[in-house]
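Everything on this sheet refers to the single structure shown next.
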Amino acid sequence: MEGRATYLAALGIDDWRQRRPLATAGESWETIAAEVAECRKCGLCETRTRTVFGVGDRKARWLVVGEAPGAEEDKQGEPFVGRAGGLLDSMLRGIGLAREQVFIANVLKCRPPNNRDPAPAEVAQCLPYLERQIAQLQPRIMLAVGRIAAQNLLATDTPIGKLRGHVHSFGAAGIPLVITYHPAYLLRSPTEKRKAWEDLKFARRVASGTQA
């Protein structure tokens, strides 16, 4: 709980639930997408090229969540493109999933300059968009890729190495959440790919209900 308290203090709030809005009745994907496209809630709107709403099957059982758009994502308006996106696609294929069968989104919808880590205030403004997407999707499982995504979804500063290998719970619905490394990290540290493969197999068991 110490890590959680530290994280909340960094965000300047006492209770993580303060920034978890309920889904708006009658809301649609199109409503959320339109708000994201026009969002000016933080300074990232001044430096972005495009917002990155997310892509994939809007009825998918799997939701993959990354950190924030990079340079190519900012140009194309789509998450996980380039080499990291290619590796993510390969990782998903390894457990029998095509990119088109999952929904992929980020904690932030705009690129932080120079790919820096998201600031707490930026997360506080942007994460509710993801929460509204989750309310629409109602996934069976969430897969957080990378430290930043994992820590923000779980409101903790616990290192990713200690978050892996466990089934976490997200939101009031208690959606199972599994943590693995970011594909960009795996490209820099290929010896960690074996651990990521174990994480993916673990997530597949959780999604199928066969994880004890």
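Residue numbers start at 1 in each chain; chains themselves are named A, B, ... in the order of the structure tokens; ligands are numbered from 1 in the order shown.
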Per residue of stretch 164-191 of chain A within 12 Å of stretch 50-64 of chain A, record the nearest atom pair and its distance in Å to one decimal, counting only C-alpha atoms, with rows in chain order and ascending residue number, as JSON lines.
{"residue": "A:Phe170", "atom": "CA", "partner": "A:Leu63", "partner_atom": "CA", "distance": 11.9}
{"residue": "A:Ile175", "atom": "CA", "partner": "A:Leu63", "partner_atom": "CA", "distance": 10.4}
{"residue": "A:Pro176", "atom": "CA", "partner": "A:Trp62", "partner_atom": "CA", "distance": 10.3}
{"residue": "A:Leu177", "atom": "CA", "partner": "A:Leu63", "partner_atom": "CA", "distance": 9.4}
{"residue": "A:Val178", "atom": "CA", "partner": "A:Val64", "partner_atom": "CA", "distance": 9.8}
{"residue": "A:Ile179", "atom": "CA", "partner": "A:Val64", "partner_atom": "CA", "distance": 10.0}
{"residue": "A:Thr180", "atom": "CA", "partner": "A:Val64", "partner_atom": "CA", "distance": 10.5}
{"residue": "A:Tyr181", "atom": "CA", "partner": "A:Val64", "partner_atom": "CA", "distance": 11.9}
{"residue": "A:His182", "atom": "CA", "partner": "A:Val64", "partner_atom": "CA", "distance": 10.9}
{"residue": "A:Pro183", "atom": "CA", "partner": "A:Val64", "partner_atom": "CA", "distance": 12.0}
For the structure I just gave you, how does DSSP split stretch 36-120 of chain A - specifically, which residues are helix (DSSP H, G or I)? Reply as a PyMOL selection string.
chain A and resi 36-38+43-46+71-76+82-94+99-101+113-115+120
Selected residues written out, N, CA and C atoms, as a compact mmCIF listing (two decimals), in the first residue's frame:
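Final output, saved to result35.txt:
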# COMPACT_ATOMS: atom_id res chain seq x y z
N VAL A 36 -11.89 12.77 -27.85
CA VAL A 36 -10.44 12.60 -27.88
C VAL A 36 -9.83 13.43 -29.00
N ALA A 37 -10.44 13.42 -30.17
CA ALA A 37 -9.90 14.15 -31.32
C ALA A 37 -9.80 15.65 -31.06
N GLU A 38 -10.70 16.17 -30.24
CA GLU A 38 -10.74 17.61 -29.98
C GLU A 38 -10.15 17.98 -28.62
N GLY A 43 -1.31 20.14 -21.90
CA GLY A 43 -0.42 20.79 -22.85
C GLY A 43 0.02 19.94 -24.01
N LEU A 44 -0.20 18.63 -23.96
CA LEU A 44 0.21 17.77 -25.06
C LEU A 44 -0.54 18.09 -26.35
N CYS A 45 -1.69 18.75 -26.23
CA CYS A 45 -2.44 19.11 -27.44
C CYS A 45 -1.67 20.10 -28.29
N GLU A 46 -0.72 20.83 -27.70
CA GLU A 46 0.04 21.85 -28.42
C GLU A 46 1.15 21.24 -29.27
N ALA A 71 6.70 8.56 -31.93
CA ALA A 71 6.76 9.45 -33.09
C ALA A 71 5.93 8.94 -34.26
N GLU A 72 6.06 7.66 -34.58
CA GLU A 72 5.31 7.10 -35.71
C GLU A 72 3.82 7.04 -35.41
N GLU A 73 3.49 6.70 -34.18
CA GLU A 73 2.08 6.66 -33.80
C GLU A 73 1.45 8.05 -33.89
N ASP A 74 2.21 9.05 -33.50
CA ASP A 74 1.75 10.43 -33.58
C ASP A 74 1.49 10.84 -35.04
N LYS A 75 2.31 10.36 -35.95
CA LYS A 75 2.13 10.68 -37.37
C LYS A 75 0.94 9.94 -37.97
N GLN A 76 0.79 8.66 -37.60
CA GLN A 76 -0.22 7.81 -38.23
C GLN A 76 -1.55 7.78 -37.49
N GLY A 82 5.43 0.51 -36.46
CA GLY A 82 6.88 0.40 -36.50
C GLY A 82 7.37 -0.92 -35.94
N ARG A 83 8.63 -0.96 -35.53
CA ARG A 83 9.24 -2.21 -35.06
C ARG A 83 8.57 -2.74 -33.81
N ALA A 84 8.26 -1.84 -32.87
CA ALA A 84 7.60 -2.29 -31.65
C ALA A 84 6.22 -2.86 -31.95
N GLY A 85 5.51 -2.23 -32.88
CA GLY A 85 4.20 -2.75 -33.27
C GLY A 85 4.30 -4.10 -33.95
N GLY A 86 5.34 -4.26 -34.77
CA GLY A 86 5.54 -5.56 -35.42
C GLY A 86 5.82 -6.66 -34.42
N LEU A 87 6.61 -6.33 -33.39
CA LEU A 87 6.89 -7.33 -32.37
C LEU A 87 5.65 -7.64 -31.56
N LEU A 88 4.84 -6.63 -31.25
CA LEU A 88 3.59 -6.89 -30.55
C LEU A 88 2.69 -7.81 -31.35
N ASP A 89 2.60 -7.57 -32.65
CA ASP A 89 1.79 -8.44 -33.51
C ASP A 89 2.30 -9.88 -33.45
N SER A 90 3.62 -10.05 -33.46
CA SER A 90 4.20 -11.40 -33.39
C SER A 90 3.91 -12.04 -32.04
N MET A 91 3.97 -11.26 -30.98
CA MET A 91 3.68 -11.76 -29.65
C MET A 91 2.24 -12.26 -29.57
N LEU A 92 1.32 -11.48 -30.14
CA LEU A 92 -0.09 -11.87 -30.12
C LEU A 92 -0.32 -13.13 -30.97
N ARG A 93 0.33 -13.18 -32.12
CA ARG A 93 0.17 -14.37 -32.97
C ARG A 93 0.66 -15.63 -32.25
N GLY A 94 1.66 -15.46 -31.40
CA GLY A 94 2.19 -16.60 -30.67
C GLY A 94 1.17 -17.26 -29.76
N ARG A 99 -3.88 -9.17 -34.71
CA ARG A 99 -4.05 -7.79 -34.27
C ARG A 99 -5.51 -7.35 -34.37
N GLU A 100 -6.19 -7.81 -35.41
CA GLU A 100 -7.57 -7.41 -35.65
C GLU A 100 -8.55 -8.03 -34.64
N GLN A 101 -8.08 -9.00 -33.85
CA GLN A 101 -8.96 -9.67 -32.90
C GLN A 101 -8.91 -9.06 -31.50
N PRO A 113 6.39 14.97 -25.71
CA PRO A 113 7.57 15.37 -26.48
C PRO A 113 8.79 14.54 -26.14
N ASN A 114 9.53 14.17 -27.20
CA ASN A 114 10.76 13.38 -27.04
C ASN A 114 10.52 12.04 -26.36
N ASN A 115 9.27 11.57 -26.42
CA ASN A 115 8.93 10.26 -25.84
C ASN A 115 9.24 10.17 -24.34
N PRO A 120 2.21 12.99 -14.26
CA PRO A 120 1.01 12.60 -13.51
C PRO A 120 -0.22 13.39 -13.89
For A:Arg147, which residue out of A:Gly174, A:Ile104, A:Phe80, A:Val65 is the nearest one, using only C-alpha atoms?
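Smallest distance to A:Arg147 is found for A:Val65.
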For stretch 123-137 of chain A, please output as a PyMOL selection string all residues within 9 Å (counting only C-alpha atoms; exclusion window: fewer than 4 positions along the same chain).
chain A and resi 11+19-24+27-29+32-33+35-36+41-42+53+57-61+63+103+105-110+118-119+152-153+171
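Atom CA of A:His166 sits 12.0 Å away from atom CA of A:Ala150.
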Exercise: A:Lys195 partners within 12 Å, only C-alpha atoms, chain neighbours under 4 positions left out, as a JSON list (two decimals) with N, CA and C atoms, in the first residue's frame:
[["chain", "number", "residue", "atom", "x", "y", "z"],
["A", 91, "MET", "N", 3.97, -11.26, -30.98],
["A", 91, "MET", "CA", 3.68, -11.76, -29.65],
["A", 91, "MET", "C", 2.24, -12.26, -29.57],
["A", 160, "ILE", "N", 7.96, -3.27, -12.35],
["A", 160, "ILE", "CA", 7.26, -4.20, -13.23],
["A", 160, "ILE", "C", 7.65, -5.64, -12.93],
["A", 161, "GLY", "N", 8.89, -5.86, -12.52],
["A", 161, "GLY", "CA", 9.31, -7.23, -12.23],
["A", 161, "GLY", "C", 8.50, -7.87, -11.12],
["A", 164, "ARG", "N", 4.64, -8.60, -12.63],
["A", 164, "ARG", "CA", 4.48, -9.72, -13.54],
["A", 164, "ARG", "C", 4.12, -11.00, -12.77],
["A", 165, "GLY", "N", 3.46, -11.92, -13.47],
["A", 165, "GLY", "CA", 3.19, -13.23, -12.90],
["A", 165, "GLY", "C", 2.01, -13.29, -11.96],
["A", 179, "ILE", "N", 0.38, -8.29, -16.60],
["A", 179, "ILE", "CA", 1.45, -7.35, -16.93],
["A", 179, "ILE", "C", 2.56, -8.06, -17.70],
["A", 180, "THR", "N", 3.10, -7.40, -18.72],
["A", 180, "THR", "CA", 4.29, -7.89, -19.39],
["A", 180, "THR", "C", 5.15, -6.72, -19.83],
["A", 181, "TYR", "N", 6.29, -7.03, -20.44],
["A", 181, "TYR", "CA", 7.21, -5.98, -20.87],
["A", 181, "TYR", "C", 6.73, -5.32, -22.17],
["A", 182, "HIS", "N", 7.16, -4.10, -22.37],
["A", 182, "HIS", "CA", 6.83, -3.36, -23.59],
["A", 182, "HIS", "C", 7.67, -3.89, -24.75],
["A", 186, "LEU", "N", 11.73, -4.94, -25.18],
["A", 186, "LEU", "CA", 12.19, -6.26, -25.62],
["A", 186, "LEU", "C", 13.12, -6.16, -26.82],
["A", 189, "SER", "N", 16.28, -5.35, -25.20],
["A", 189, "SER", "CA", 16.74, -6.40, -24.27],
["A", 189, "SER", "C", 16.16, -7.74, -24.70],
["A", 190, "PRO", "N", 16.64, -8.29, -25.80],
["A", 190, "PRO", "CA", 16.04, -9.52, -26.35],
["A", 190, "PRO", "C", 16.11, -10.72, -25.41],
["A", 191, "THR", "N", 17.02, -10.70, -24.44],
["A", 191, "THR", "CA", 17.09, -11.83, -23.51],
["A", 191, "THR", "C", 15.85, -11.91, -22.62],
["A", 199, "ASP", "N", 4.65, -14.59, -19.80],
["A", 199, "ASP", "CA", 3.55, -13.70, -19.43],
["A", 199, "ASP", "C", 2.36, -13.88, -20.37],
["A", 200, "LEU", "N", 2.64, -14.00, -21.66],
["A", 200, "LEU", "CA", 1.56, -14.15, -22.64],
["A", 200, "LEU", "C", 0.83, -15.47, -22.46],
["A", 201, "LYS", "N", 1.56, -16.53, -22.21],
["A", 201, "LYS", "CA", 0.91, -17.83, -21.97],
["A", 201, "LYS", "C", 0.07, -17.77, -20.70],
["A", 202, "PHE", "N", 0.59, -17.08, -19.70],
["A", 202, "PHE", "CA", -0.15, -16.89, -18.46],
["A", 202, "PHE", "C", -1.45, -16.13, -18.72]]
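Secondary structure by DSSP on the backbone puts the following residues of chain A in strand (DSSP E): Val55, Gly56, Trp62, Leu63, Val64, Val65, Gly66, Phe103, Ile104, Ala105, Asn106, Ile141, Met142, Leu143, Ala144, Val145, His168, Ser169, Phe170, Ile175, Pro176, Leu177, Val178, Ile179 and Thr180 of chain A.
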Please compute the atom CA of A:Glu67-atom CA of A:Ile148 distance, one decimal, in Å.
5.6 Å
Would you work out the distance separating atom CA of A:Gly70 from atom CA of A:Arg111, expressed in Å to one decimal?
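Interatomic distance here is 5.8 Å.
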